[in-house]
file coords-v3.txt (compact mmCIF, C-alpha atoms)
# COMPACT_ATOMS: atom_id res chain seq x y z
CA MET M 503 143.14 43.35 56.10
CA PHE M 504 140.51 40.67 56.81
CA GLY M 505 136.96 41.77 55.97
CA LYS M 506 135.11 44.12 53.66
CA LEU M 507 133.60 47.58 53.80
CA SER M 508 129.92 48.05 54.54
CA ALA M 509 127.87 50.94 53.20
CA GLN M 510 125.83 53.77 54.72
CA LYS M 511 128.02 54.47 57.71
CA GLU M 512 129.75 57.49 59.27
CA SER M 513 132.82 58.53 57.32
CA GLY M 514 136.10 57.12 58.59
CA TRP M 515 136.62 54.13 60.86
CA LEU M 516 135.95 53.35 64.49
CA ALA M 517 138.58 51.06 66.01
CA VAL M 518 137.55 48.93 69.00
CA VAL M 519 140.72 47.55 70.57
CA PRO M 520 140.56 45.33 73.68
CA ASN M 521 143.62 45.86 75.87
CA GLN M 522 143.78 43.81 79.08
CA ALA M 523 141.34 45.45 81.51
CA ARG M 524 140.09 48.13 79.11
CA VAL M 525 138.65 48.64 75.64
CA ASP M 526 139.93 51.59 73.61
CA LEU M 527 137.73 53.35 71.04
CA ALA M 528 139.14 55.64 68.35
CA HIS M 529 137.22 57.26 65.52
CA VAL M 530 139.36 58.80 62.78
CA ARG M 531 138.33 60.51 59.58
CA ARG M 532 140.73 60.88 56.68
CA HIS M 533 140.46 63.93 54.43
CA ARG M 534 141.71 64.36 50.90
CA GLU M 535 143.31 67.78 51.45
CA ALA M 536 143.91 67.96 55.20
CA PRO M 537 145.43 65.89 58.02
CA PRO M 538 143.25 63.08 59.40
CA SER M 539 140.99 64.07 62.29
CA VAL M 540 140.70 62.09 65.52
CA MET M 541 137.03 62.58 66.28
CA LEU M 542 136.80 60.37 69.36
CA MET M 543 139.30 58.72 71.70
CA GLU M 544 137.96 56.97 74.79
CA SER M 545 138.63 54.03 77.08
CA TYR M 546 136.18 51.86 78.98
CA ALA M 547 136.67 49.19 81.60
CA ALA M 548 136.40 45.76 80.03
CA GLY M 549 133.93 43.28 81.44
CA PRO M 550 134.56 39.54 81.79
CA ALA M 551 133.48 39.03 78.16
CA LEU M 552 134.01 41.35 75.19
CA ALA M 553 130.46 40.73 73.99
CA GLU M 554 128.95 42.18 77.17
CA THR M 555 131.17 45.26 76.95
CA LEU M 556 130.19 45.79 73.31
CA LYS M 557 126.50 45.43 74.07
CA SER M 558 126.79 48.23 76.61
CA LEU M 559 128.86 50.44 74.33
CA ALA M 560 126.57 49.79 71.37
CA ALA M 561 123.83 51.55 73.28
CA THR M 562 125.79 54.32 74.98
CA ARG M 563 128.19 55.14 72.12
CA LYS M 564 125.92 54.21 69.18
CA LEU M 565 128.54 51.90 67.70
CA ARG M 566 126.29 50.65 64.94
CA LYS M 567 126.60 53.88 62.95
CA TYR M 568 130.32 53.34 62.36
CA ARG M 569 132.49 51.20 60.11
CA MET M 570 134.26 49.11 62.70
CA THR M 571 137.67 47.52 62.83
CA THR M 572 139.72 45.82 65.52
CA LEU M 573 143.21 44.42 66.01
CA LEU M 574 144.37 40.88 66.55
CA ARG M 575 146.63 40.52 69.56
CA ASP M 576 150.13 39.12 69.64
CA GLY M 577 149.85 35.33 69.59
CA GLU M 578 146.60 35.34 67.60
CA TYR M 579 148.37 35.55 64.23
CA GLN M 580 151.77 35.07 62.62
CA LEU M 581 153.59 37.29 60.16
CA ALA M 582 156.12 35.86 57.69
CA GLN M 583 158.19 37.45 54.91
CA LEU M 584 158.13 35.25 51.80
CA GLU M 585 158.90 35.44 48.10
CA ALA M 586 155.92 36.73 46.15
CA PRO M 587 154.21 33.81 44.35
CA ALA M 588 154.13 34.04 40.56
CA VAL M 589 150.36 33.69 40.31
CA PRO M 590 147.46 36.11 39.68
CA GLU M 591 146.74 38.43 42.60
CA ALA M 592 143.47 36.69 43.43
CA GLU M 593 145.33 33.41 43.90
CA ARG M 594 148.23 34.63 46.03
CA ALA M 595 146.73 33.88 49.43
CA GLU M 596 146.06 30.26 48.48
CA ALA M 597 149.51 29.91 46.94
CA LEU M 598 151.11 31.11 50.18
CA ARG M 599 148.91 28.97 52.42
CA TRP M 600 150.95 25.84 51.83
CA ARG M 601 154.28 27.64 52.15
CA LEU M 602 153.14 28.70 55.62
CA LYS M 603 152.40 25.14 56.69
CA ASP M 604 155.77 24.63 58.38
CA LEU M 605 156.07 28.23 59.64
CA VAL M 606 152.96 28.54 61.82
CA ASP M 607 151.83 26.63 64.89
CA PHE M 608 148.22 26.08 63.79
CA PRO M 609 146.58 24.26 60.85
CA VAL M 610 146.73 26.32 57.65
CA ASP M 611 143.65 24.57 56.30
CA GLY M 612 140.86 26.96 57.23
CA ALA M 613 143.22 29.73 58.42
CA SER M 614 142.68 33.30 57.22
CA ILE M 615 145.54 34.47 54.98
CA ALA M 616 146.24 38.06 53.91
CA VAL M 617 149.06 39.31 51.68
CA ILE M 618 150.95 42.61 52.05
CA ASP M 619 153.19 43.67 49.18
CA ILE M 620 156.75 44.88 49.79
CA PRO M 621 157.48 47.03 46.72
CA VAL M 622 160.95 46.88 45.13
CA GLU M 623 162.57 48.90 42.35
CA ARG M 624 162.01 47.16 39.05
CA ALA M 625 165.58 47.85 37.92
CA SER M 626 167.06 46.31 41.06
CA GLY M 627 166.61 42.76 39.83
CA ARG M 628 165.53 41.73 43.34
CA GLN M 629 162.97 39.02 43.96
CA ALA M 630 159.63 40.57 44.90
CA MET M 631 158.69 39.82 48.51
CA VAL M 632 155.47 39.93 50.50
CA TYR M 633 154.37 39.67 54.10
CA ALA M 634 151.92 36.84 54.64
CA VAL M 635 149.62 37.26 57.63
CA ALA M 636 148.08 34.04 58.90
CA ALA M 637 145.47 33.73 61.63
CA GLY M 638 144.07 30.39 62.73
CA GLN M 639 140.37 29.75 62.44
CA PRO M 640 139.80 29.68 66.24
CA ALA M 641 141.41 33.13 66.68
CA ILE M 642 139.30 34.74 63.95
CA ALA M 643 136.16 32.95 65.17
CA ALA M 644 136.69 34.22 68.73
CA VAL M 645 136.96 37.81 67.52
CA MET M 646 133.98 37.53 65.21
CA SER M 647 131.80 35.89 67.84
CA GLY M 648 132.64 38.57 70.39
CA PHE M 649 131.32 41.27 68.06
CA SER M 650 128.41 39.17 66.82
CA GLU M 651 127.25 38.39 70.36
CA GLY M 652 127.78 42.06 71.21
CA LYS M 653 125.28 42.92 68.46
CA VAL M 654 127.66 45.13 66.47
CA ALA M 655 128.97 44.55 62.95
CA LEU M 656 132.71 44.14 62.46
CA ASP M 657 133.86 45.27 59.02
CA ALA M 658 137.58 44.50 59.21
CA ILE M 659 140.29 42.91 61.33
CA ASP M 660 143.86 44.24 61.24
CA ILE M 661 147.16 43.64 63.02
CA PRO M 662 149.28 46.03 65.13
CA GLU M 663 152.05 46.18 62.51
CA LEU M 664 149.65 47.69 59.97
CA ALA M 665 148.15 50.04 62.55
CA GLN M 666 151.64 51.36 63.36
CA ARG M 667 152.41 51.63 59.63
CA ASN M 668 149.33 53.84 59.22
CA VAL M 669 150.62 56.25 61.85
CA ALA M 670 154.27 56.14 60.74
CA SER M 671 153.43 56.91 57.13
CA LEU M 672 152.03 60.29 58.20
CA PHE M 673 155.48 61.30 59.49
CA GLU M 674 157.45 60.23 56.42
CA GLN M 675 159.64 62.70 54.57
CA GLU M 676 159.34 62.59 50.79
CA ASN M 677 161.36 59.74 49.29
CA ARG M 678 162.85 58.81 52.67
CA GLY M 679 162.23 55.84 54.91
CA LEU M 680 161.04 56.14 58.50
CA ALA M 681 161.76 53.90 61.48
CA PHE M 682 159.14 53.93 64.24
CA LEU M 683 159.54 52.30 67.66
CA SER M 684 156.68 51.90 70.13
CA LEU M 685 157.08 50.44 73.61
CA ASP M 686 154.21 49.56 75.91
CA ASP M 687 153.31 47.06 78.63
CA HIS M 688 153.56 44.17 76.16
CA GLY M 689 156.95 44.92 74.60
CA GLY M 690 158.35 46.80 71.64
CA LEU M 691 157.41 47.03 67.98
CA LEU M 692 159.78 48.48 65.37
CA THR M 693 158.53 49.19 61.86
CA ILE M 694 160.27 50.73 58.87
CA THR M 695 158.06 52.30 56.23
CA TYR M 696 158.67 53.95 52.89
CA ARG M 697 156.09 55.72 50.73
CA GLY M 698 153.38 54.43 53.02
CA GLU M 699 154.39 50.78 52.66
CA LEU M 700 155.58 48.42 55.38
CA TYR M 701 159.11 47.19 54.62
CA ALA M 702 160.47 45.84 57.90
CA VAL M 703 159.10 44.63 61.23
CA ARG M 704 160.83 43.57 64.42
CA ARG M 705 159.35 42.63 67.78
CA ILE M 706 161.47 43.57 70.79
CA GLU M 707 161.02 41.59 74.01
CA VAL M 708 161.49 44.56 76.32
CA SER M 709 158.51 46.50 77.66
CA ALA M 710 158.25 50.10 78.79
CA THR M 711 157.14 48.85 82.20
CA GLN M 712 160.30 46.77 82.56
CA LEU M 713 162.40 49.85 81.88
CA VAL M 714 160.49 52.02 84.33
CA ASP M 715 160.60 49.43 87.11
CA ALA M 716 164.23 48.36 86.67
CA ASP M 717 167.07 49.47 88.92
CA PRO M 718 169.77 51.63 87.21
CA ASP M 719 172.06 48.74 86.26
CA ARG M 720 169.22 46.61 84.92
CA ARG M 721 167.77 49.59 83.05
CA THR M 722 171.11 50.22 81.32
CA SER M 723 171.23 46.56 80.28
CA LEU M 724 167.70 46.73 78.86
CA LEU M 725 168.42 49.96 77.00
CA GLU M 726 171.51 48.39 75.46
CA ARG M 727 169.45 45.38 74.39
CA ILE M 728 166.92 47.62 72.64
CA MET M 729 169.69 49.61 70.98
CA LEU M 730 171.39 46.48 69.65
CA GLU M 731 168.10 45.16 68.27
CA LEU M 732 167.53 48.46 66.49
CA GLN M 733 171.08 48.62 65.17
CA ARG M 734 170.90 45.12 63.73
CA THR M 735 167.57 45.83 62.08
CA LEU M 736 168.74 49.12 60.57
CA ASP M 737 171.98 47.56 59.31
CA ASN M 738 170.11 44.65 57.76
CA PHE M 739 167.59 47.03 56.21
CA ASP M 740 170.40 49.08 54.64
CA ARG M 741 171.81 45.94 53.04
CA GLN M 742 168.45 44.63 51.89
CA TYR M 743 166.97 47.91 50.64
CA SER M 744 169.92 50.05 49.63
CA PHE M 745 167.62 52.29 47.56
CA ILE M 746 165.88 53.53 50.74
CA SER M 747 167.53 56.04 53.07
CA VAL M 748 166.04 56.03 56.57
CA ALA M 749 165.61 59.65 57.62
CA GLU M 750 164.99 59.19 61.35
CA LEU M 751 163.70 57.03 64.16
CA LEU M 752 160.58 58.13 66.01
CA VAL M 753 159.95 56.78 69.50
CA THR M 754 156.81 56.53 71.61
CA THR M 755 156.43 54.84 75.01
CA CYS M 756 153.71 54.12 77.57
CA PRO M 757 154.53 54.35 80.41
CA ALA M 758 157.00 57.11 79.61
CA VAL M 759 160.71 56.19 79.61
CA ALA M 760 162.53 59.50 79.98
CA GLU M 761 166.03 58.35 79.07
CA LEU M 762 165.21 56.15 76.07
CA GLN M 763 165.38 58.87 73.41
CA SER M 764 168.67 60.31 74.65
CA TYR M 765 170.26 56.86 74.98
CA LEU M 766 169.30 55.87 71.45
CA SER M 767 170.42 59.24 70.08
CA GLU M 768 173.88 58.69 71.53
CA ASN M 769 174.22 55.18 70.12
CA LEU M 770 172.46 55.11 66.73
CA TYR M 771 173.54 56.74 63.49
CA VAL M 772 170.03 58.01 62.59
CA PRO M 773 168.40 61.00 64.30
CA VAL M 774 166.06 59.94 67.11
CA LYS M 775 162.98 62.00 67.97
CA GLN M 776 159.87 61.63 70.06
CA ALA M 777 156.74 61.07 68.01
CA ASP M 778 154.14 63.82 68.43
CA LEU M 779 150.80 62.97 66.86
CA SER M 780 149.72 66.61 66.96
CA GLN M 781 152.17 67.25 64.10
CA VAL M 782 150.31 64.97 61.69
CA LEU M 783 146.76 64.66 63.07
CA ASP M 784 143.99 67.11 63.83
CA LEU M 785 143.45 66.59 67.57
CA SER M 786 141.08 69.50 68.13
CA ALA M 787 138.24 67.11 69.07
CA VAL M 788 140.45 65.33 71.64
CA PRO M 789 142.53 68.13 73.22
CA GLU M 790 143.65 65.83 76.06
CA LEU M 791 145.98 64.13 73.58
CA ARG M 792 147.84 67.32 72.74
CA ALA M 793 151.23 67.70 74.39
CA ASN M 794 150.74 64.37 76.18
CA PRO M 795 153.19 61.88 74.61
CA GLU M 796 152.38 59.11 77.09
CA LEU M 797 148.64 59.29 76.35
CA GLN M 798 149.36 59.38 72.62
CA ALA M 799 151.48 56.24 72.98
CA ARG M 800 148.76 54.49 74.95
CA TYR M 801 146.20 55.07 72.22
CA LEU M 802 148.56 54.62 69.27
CA PRO M 803 147.29 51.12 68.26
CA ALA M 804 143.64 52.22 68.27
CA ILE M 805 144.38 55.43 66.35
CA GLY M 806 146.50 53.49 63.86
CA ALA M 807 143.74 50.95 63.35
CA ALA M 808 141.19 53.73 62.79
CA LEU M 809 143.53 55.28 60.18
CA ARG M 810 142.66 52.39 57.91
CA SER M 811 142.13 53.68 54.37
CA GLY M 812 138.61 54.09 53.00
CA GLY M 813 135.67 56.21 54.03
CA GLU M 814 137.36 59.57 53.40
CA ALA M 815 135.38 62.65 54.29
call {"tool": "encode", "arguments": {"input": "coords-v3.txt", "output": "structure tokens"}}
result
Amino acid sequence: MFGKLSAQKESGWLAVVPNQARVDLAHVRRHREAPPSVMLMESYAAGPALAETLKSLAATRKLRKYRMTTLLRDGEYQLAQLEAPAVPEAERAEALRWRLKDLVDFPVDGASIAVIDIPVERASGRQAMVYAVAAGQPAIAAVMSGFSEGKVALDAIDIPELAQRNVASLFEQENRGLAFLSLDDHGGLLTITYRGELYAVRRIEVSATQLVDADPDRRTSLLERIMLELQRTLDNFDRQYSFISVAELLVTTCPAVAELQSYLSENLYVPVKQADLSQVLDLSAVPELRANPELQARYLPAIGAALRSGGEA
């Protein structure tokens, strides 16, 4: 999203994703005629400063030989759906900058702006829309300085919504939309994709940890809250994009929430299944991820970030 590709590196991408007390590394290679391969998936304890952790990993894991990407964290950027500006593609970010002025809580002057298209059928007569991603200068500077001081080059910066889109698109059925829900310690993220494009996003303020720790009555209340959020989003999506039929909802959680899938299956009109990355990725280099849904969910953001296009083998 933010950044550019550097040359003479290992094929694929290495995602370096700080996550509270740990840093997750995922190296993924895309192939033209085969499923993407997860070549490396590891976690390391995070030091007081990201730069110090990266300096250590640069030596032990030879980070400098990879194209590197990372993810902004919730609160470091804002995502807004806006009408596509009627200007040349190269001018769209600047055209959207001033529309974002009253939508973000940081100065837009100097902010990094990226544009994500939301394709529509030409015959529909609908106004073309885009997602505008805005990150304030201090947030981008903090990320860049962490890598710079860690003596490793950062080629791109993405957001969790795009990382999840990268994973979800692998599960899509031809000409059908796919809803994908992930729950972790921070909360929930619902995305709806179609033909590899991100069409809808919703943050859900319920975490997997809350569900696991709740007593039965509280857990039922939280499950109902998640279900209602999903139902509203799916209903709104049907009205907004009537030309897309959502085939199913895939769910992934860390820590594991045993009853979530069954509860949603009983209350939603789309089939609900547990996401299994082994169905769409070659995990032979990381066998610990096979048949371990909770571990797959834990590493989903890093794997999704490393699925960034470019650098195919």
call {"tool": "closest_atom_pairs", "arguments": {"input": "coords-v3.txt", "of": "stretch 533-630 of chain M", "to": "stretch 770-790 of chain M", "cutoff": "12 Å", "atoms": "all atoms listed in the file", "output": "JSON lines"}}
result
{"residue": "M:His533", "atom": "CA", "partner": "M:Asp784", "partner_atom": "CA", "distance": 10.5}
{"residue": "M:Ala536", "atom": "CA", "partner": "M:Asp784", "partner_atom": "CA", "distance": 8.7}
{"residue": "M:Pro537", "atom": "CA", "partner": "M:Leu783", "partner_atom": "CA", "distance": 5.4}
{"residue": "M:Pro538", "atom": "CA", "partner": "M:Leu783", "partner_atom": "CA", "distance": 5.3}
{"residue": "M:Ser539", "atom": "CA", "partner": "M:Asp784", "partner_atom": "CA", "distance": 4.5}
{"residue": "M:Val540", "atom": "CA", "partner": "M:Leu785", "partner_atom": "CA", "distance": 5.7}
{"residue": "M:Met541", "atom": "CA", "partner": "M:Ala787", "partner_atom": "CA", "distance": 5.5}
{"residue": "M:Leu542", "atom": "CA", "partner": "M:Val788", "partner_atom": "CA", "distance": 6.6}
{"residue": "M:Met543", "atom": "CA", "partner": "M:Val788", "partner_atom": "CA", "distance": 6.7}
{"residue": "M:Glu544", "atom": "CA", "partner": "M:Val788", "partner_atom": "CA", "distance": 9.3}
call {"tool": "residues_around", "arguments": {"input": "coords-v3.txt", "residues": "M:Ala634", "least_positions_apart": "5", "cutoff": "12 Å", "atoms": "all atoms listed in the file", "output": "PDB file with C-alpha atoms, in the coordinates of the input"}}
result
ATOM      1  CA  MET M 503     143.140  43.350  56.100  1.00  0.00           C
ATOM      2  CA  TYR M 579     148.370  35.550  64.230  1.00  0.00           C
ATOM      3  CA  GLN M 580     151.770  35.070  62.620  1.00  0.00           C
ATOM      4  CA  LEU M 581     153.590  37.290  60.160  1.00  0.00           C
ATOM      5  CA  ALA M 582     156.120  35.860  57.690  1.00  0.00           C
ATOM      6  CA  GLN M 583     158.190  37.450  54.910  1.00  0.00           C
ATOM      7  CA  LEU M 584     158.130  35.250  51.800  1.00  0.00           C
ATOM      8  CA  GLU M 585     158.900  35.440  48.100  1.00  0.00           C
ATOM      9  CA  ALA M 586     155.920  36.730  46.150  1.00  0.00           C
ATOM     10  CA  PRO M 587     154.210  33.810  44.350  1.00  0.00           C
ATOM     11  CA  ARG M 594     148.230  34.630  46.030  1.00  0.00           C
ATOM     12  CA  ALA M 595     146.730  33.880  49.430  1.00  0.00           C
ATOM     13  CA  GLU M 596     146.060  30.260  48.480  1.00  0.00           C
ATOM     14  CA  ALA M 597     149.510  29.910  46.940  1.00  0.00           C
ATOM     15  CA  LEU M 598     151.110  31.110  50.180  1.00  0.00           C
ATOM     16  CA  ARG M 599     148.910  28.970  52.420  1.00  0.00           C
ATOM     17  CA  TRP M 600     150.950  25.840  51.830  1.00  0.00           C
ATOM     18  CA  ARG M 601     154.280  27.640  52.150  1.00  0.00           C
ATOM     19  CA  LEU M 602     153.140  28.700  55.620  1.00  0.00           C
ATOM     20  CA  LYS M 603     152.400  25.140  56.690  1.00  0.00           C
ATOM     21  CA  LEU M 605     156.070  28.230  59.640  1.00  0.00           C
ATOM     22  CA  VAL M 606     152.960  28.540  61.820  1.00  0.00           C
ATOM     23  CA  ALA M 613     143.220  29.730  58.420  1.00  0.00           C
ATOM     24  CA  SER M 614     142.680  33.300  57.220  1.00  0.00           C
ATOM     25  CA  ILE M 615     145.540  34.470  54.980  1.00  0.00           C
ATOM     26  CA  ALA M 616     146.240  38.060  53.910  1.00  0.00           C
ATOM     27  CA  VAL M 617     149.060  39.310  51.680  1.00  0.00           C
ATOM     28  CA  ILE M 618     150.950  42.610  52.050  1.00  0.00           C
ATOM     29  CA  ASP M 619     153.190  43.670  49.180  1.00  0.00           C
ATOM     30  CA  ILE M 620     156.750  44.880  49.790  1.00  0.00           C
ATOM     31  CA  ILE M 661     147.160  43.640  63.020  1.00  0.00           C
TER      32      ILE M 661
END
call {"tool": "closest_residue", "arguments": {"input": "coords-v3.txt", "among": "M:Pro590, M:Gly638, M:Pro550, M:Pro662", "to": "M:Arg810", "atoms": "all atoms listed in the file"}}
result
M:Pro662
call {"tool": "residues_near_point", "arguments": {"input": "coords-v3.txt", "point": "(159.2, 49.6, 55.7)", "cutoff": "9 Å", "atoms": "only C-alpha atoms", "output": "list in words"}}
result
Ile620, Arg667, Gly679, Leu680, Ala681, Thr693, Ile694, Thr695, Tyr696, Arg697, Gly698, Glu699, Leu700, Tyr701, Ala702, Val703 and Phe739 of chain M
call {"tool": "residues_around", "arguments": {"input": "coords-v3.txt", "residues": "M:Gly806", "least_positions_apart": "3", "cutoff": "10 Å", "atoms": "only C-alpha atoms", "output": "short mmCIF file (atom, residue, chain, number, x, y, z; two decimals) with C-alpha atoms, keeping the file's coordinate frame"}}
result
data_model
loop_
_atom_site.label_atom_id
_atom_site.label_comp_id
_atom_site.auth_asym_id
_atom_site.auth_seq_id
_atom_site.Cartn_x
_atom_site.Cartn_y
_atom_site.Cartn_z
CA ALA M 517 138.58 51.06 66.01
CA ALA M 528 139.14 55.64 68.35
CA VAL M 530 139.36 58.80 62.78
CA LEU M 573 143.21 44.42 66.01
CA ASP M 660 143.86 44.24 61.24
CA ILE M 661 147.16 43.64 63.02
CA PRO M 662 149.28 46.03 65.13
CA GLU M 663 152.05 46.18 62.51
CA LEU M 664 149.65 47.69 59.97
CA ALA M 665 148.15 50.04 62.55
CA GLN M 666 151.64 51.36 63.36
CA ARG M 667 152.41 51.63 59.63
CA ASN M 668 149.33 53.84 59.22
CA VAL M 669 150.62 56.25 61.85
CA ALA M 670 154.27 56.14 60.74
CA TYR M 801 146.20 55.07 72.22
CA LEU M 802 148.56 54.62 69.27
CA PRO M 803 147.29 51.12 68.26
CA LEU M 809 143.53 55.28 60.18
CA ARG M 810 142.66 52.39 57.91
#
call {"tool": "residues_near_point", "arguments": {"input": "coords-v3.txt", "point": "(168.5, 45.2, 66.9)", "cutoff": "12 Å", "atoms": "all atoms listed in the file", "output": "MDAnalysis selection string"}}
result
chainID M and resid 683 690:693 703:708 725:739 766 769:770
call {"tool": "closest_residue", "arguments": {"input": "coords-v3.txt", "among": "M:Glu623, M:Glu591, M:Asp719, M:Glu554", "to": "M:Lys653", "atoms": "all atoms listed in the file"}}
result
M:Glu554
call {"tool": "axis_aligned_box", "arguments": {"input": "coords-v3.txt", "around": "stretch 525-528 of chain M", "padding_each_side": "5 Å", "output": "AutoDock Vina command-line options"}}
result
--center_x 138.8 --center_y 52.1 --center_z 72.0 --size_x 12.2 --size_y 17.0 --size_z 17.3
call {"tool": "atom_distance", "arguments": {"input": "coords-v3.txt", "atom1": "atom CA of M:Leu559", "atom2": "atom CA of M:Arg575"}}
result
20.9 Å
call {"tool": "closest_residue", "arguments": {"input": "coords-v3.txt", "among": "M:Ala523, M:Leu762, M:Ala560, M:Leu516", "to": "M:Gly652", "atoms": "only C-alpha atoms"}}
result
M:Ala560
call {"tool": "closest_residue", "arguments": {"input": "coords-v3.txt", "among": "M:Ala551, M:Ser747, M:Ala592, M:Ile659", "to": "M:Val519", "atoms": "all atoms listed in the file"}}
result
M:Ile659
call {"tool": "atom_distance", "arguments": {"input": "coords-v3.txt", "atom1": "atom CA of M:Asp687", "atom2": "atom CA of M:Ser709"}}
result
5.3 Å
call {"tool": "closest_residue", "arguments": {"input": "coords-v3.txt", "among": "M:Ser545, M:Gln639, M:Gln712, M:Thr562", "to": "M:Leu797", "atoms": "all atoms listed in the file"}}
result
M:Ser545
call {"tool": "closest_residue", "arguments": {"input": "coords-v3.txt", "among": "M:Glu676, M:Thr571, M:Arg532, M:Thr755", "to": "M:His688", "atoms": "only C-alpha atoms"}}
result
M:Thr755
call {"tool": "residues_around", "arguments": {"input": "coords-v3.txt", "residues": "M:Val645", "least_positions_apart": "2", "cutoff": "10 Å", "atoms": "only C-alpha atoms", "output": "PyMOL selection string"}}
result
chain M and resi 552-553+572-574+578+640-643+647-650+656+659
call {"tool": "atom_distance", "arguments": {"input": "coords-v3.txt", "atom1": "atom CA of M:Ala630", "atom2": "atom CA of M:Glu593"}}
result
16.0 Å
call {"tool": "build_atoms", "arguments": {"input": "coords-v3.txt", "residues": "stretch 783-799 of chain M", "atoms": "N, CA and C atoms", "output": "PDB file, in the frame of the given file"}}
result
ATOM      1  N   LEU M 783     148.192  64.906  62.896  1.00  0.00           N
ATOM      2  CA  LEU M 783     146.760  64.660  63.070  1.00  0.00           C
ATOM      3  C   LEU M 783     146.070  65.893  63.612  1.00  0.00           C
ATOM      4  N   ASP M 784     144.830  66.070  63.249  1.00  0.00           N
ATOM      5  CA  ASP M 784     143.990  67.110  63.830  1.00  0.00           C
ATOM      6  C   ASP M 784     143.413  66.550  65.130  1.00  0.00           C
ATOM      7  N   LEU M 785     143.887  67.078  66.262  1.00  0.00           N
ATOM      8  CA  LEU M 785     143.450  66.590  67.570  1.00  0.00           C
ATOM      9  C   LEU M 785     142.506  67.567  68.271  1.00  0.00           C
ATOM     10  N   SER M 786     141.922  68.479  67.503  1.00  0.00           N
ATOM     11  CA  SER M 786     141.080  69.500  68.130  1.00  0.00           C
ATOM     12  C   SER M 786     139.868  68.901  68.851  1.00  0.00           C
ATOM     13  N   ALA M 787     139.389  67.750  68.417  1.00  0.00           N
ATOM     14  CA  ALA M 787     138.240  67.110  69.070  1.00  0.00           C
ATOM     15  C   ALA M 787     138.641  66.331  70.314  1.00  0.00           C
ATOM     16  N   VAL M 788     139.945  66.083  70.475  1.00  0.00           N
ATOM     17  CA  VAL M 788     140.450  65.330  71.640  1.00  0.00           C
ATOM     18  C   VAL M 788     141.644  66.087  72.220  1.00  0.00           C
ATOM     19  N   PRO M 789     141.423  67.275  72.762  1.00  0.00           N
ATOM     20  CA  PRO M 789     142.530  68.130  73.220  1.00  0.00           C
ATOM     21  C   PRO M 789     143.390  67.494  74.309  1.00  0.00           C
ATOM     22  N   GLU M 790     142.864  66.491  75.019  1.00  0.00           N
ATOM     23  CA  GLU M 790     143.650  65.830  76.060  1.00  0.00           C
ATOM     24  C   GLU M 790     144.863  65.097  75.486  1.00  0.00           C
ATOM     25  N   LEU M 791     144.846  64.804  74.192  1.00  0.00           N
ATOM     26  CA  LEU M 791     145.980  64.130  73.580  1.00  0.00           C
ATOM     27  C   LEU M 791     147.116  65.080  73.220  1.00  0.00           C
ATOM     28  N   ARG M 792     146.801  66.352  73.100  1.00  0.00           N
ATOM     29  CA  ARG M 792     147.840  67.320  72.740  1.00  0.00           C
ATOM     30  C   ARG M 792     148.882  67.408  73.843  1.00  0.00           C
ATOM     31  N   ALA M 793     150.119  67.503  73.449  1.00  0.00           N
ATOM     32  CA  ALA M 793     151.230  67.700  74.390  1.00  0.00           C
ATOM     33  C   ALA M 793     151.234  66.645  75.503  1.00  0.00           C
ATOM     34  N   ASN M 794     150.729  65.457  75.213  1.00  0.00           N
ATOM     35  CA  ASN M 794     150.740  64.370  76.180  1.00  0.00           C
ATOM     36  C   ASN M 794     151.274  63.115  75.491  1.00  0.00           C
ATOM     37  N   PRO M 795     152.595  63.009  75.347  1.00  0.00           N
ATOM     38  CA  PRO M 795     153.190  61.880  74.610  1.00  0.00           C
ATOM     39  C   PRO M 795     152.810  60.515  75.169  1.00  0.00           C
ATOM     40  N   GLU M 796     152.700  60.414  76.498  1.00  0.00           N
ATOM     41  CA  GLU M 796     152.380  59.110  77.090  1.00  0.00           C
ATOM     42  C   GLU M 796     150.961  58.683  76.717  1.00  0.00           C
ATOM     43  N   LEU M 797     150.015  59.614  76.729  1.00  0.00           N
ATOM     44  CA  LEU M 797     148.640  59.290  76.350  1.00  0.00           C
ATOM     45  C   LEU M 797     148.563  58.962  74.855  1.00  0.00           C
ATOM     46  N   GLN M 798     149.311  59.688  74.047  1.00  0.00           N
ATOM     47  CA  GLN M 798     149.360  59.380  72.620  1.00  0.00           C
ATOM     48  C   GLN M 798     149.875  57.962  72.382  1.00  0.00           C
ATOM     49  N   ALA M 799     150.913  57.585  73.126  1.00  0.00           N
ATOM     50  CA  ALA M 799     151.480  56.240  72.980  1.00  0.00           C
ATOM     51  C   ALA M 799     150.485  55.176  73.413  1.00  0.00           C
TER      52      ALA M 799
END
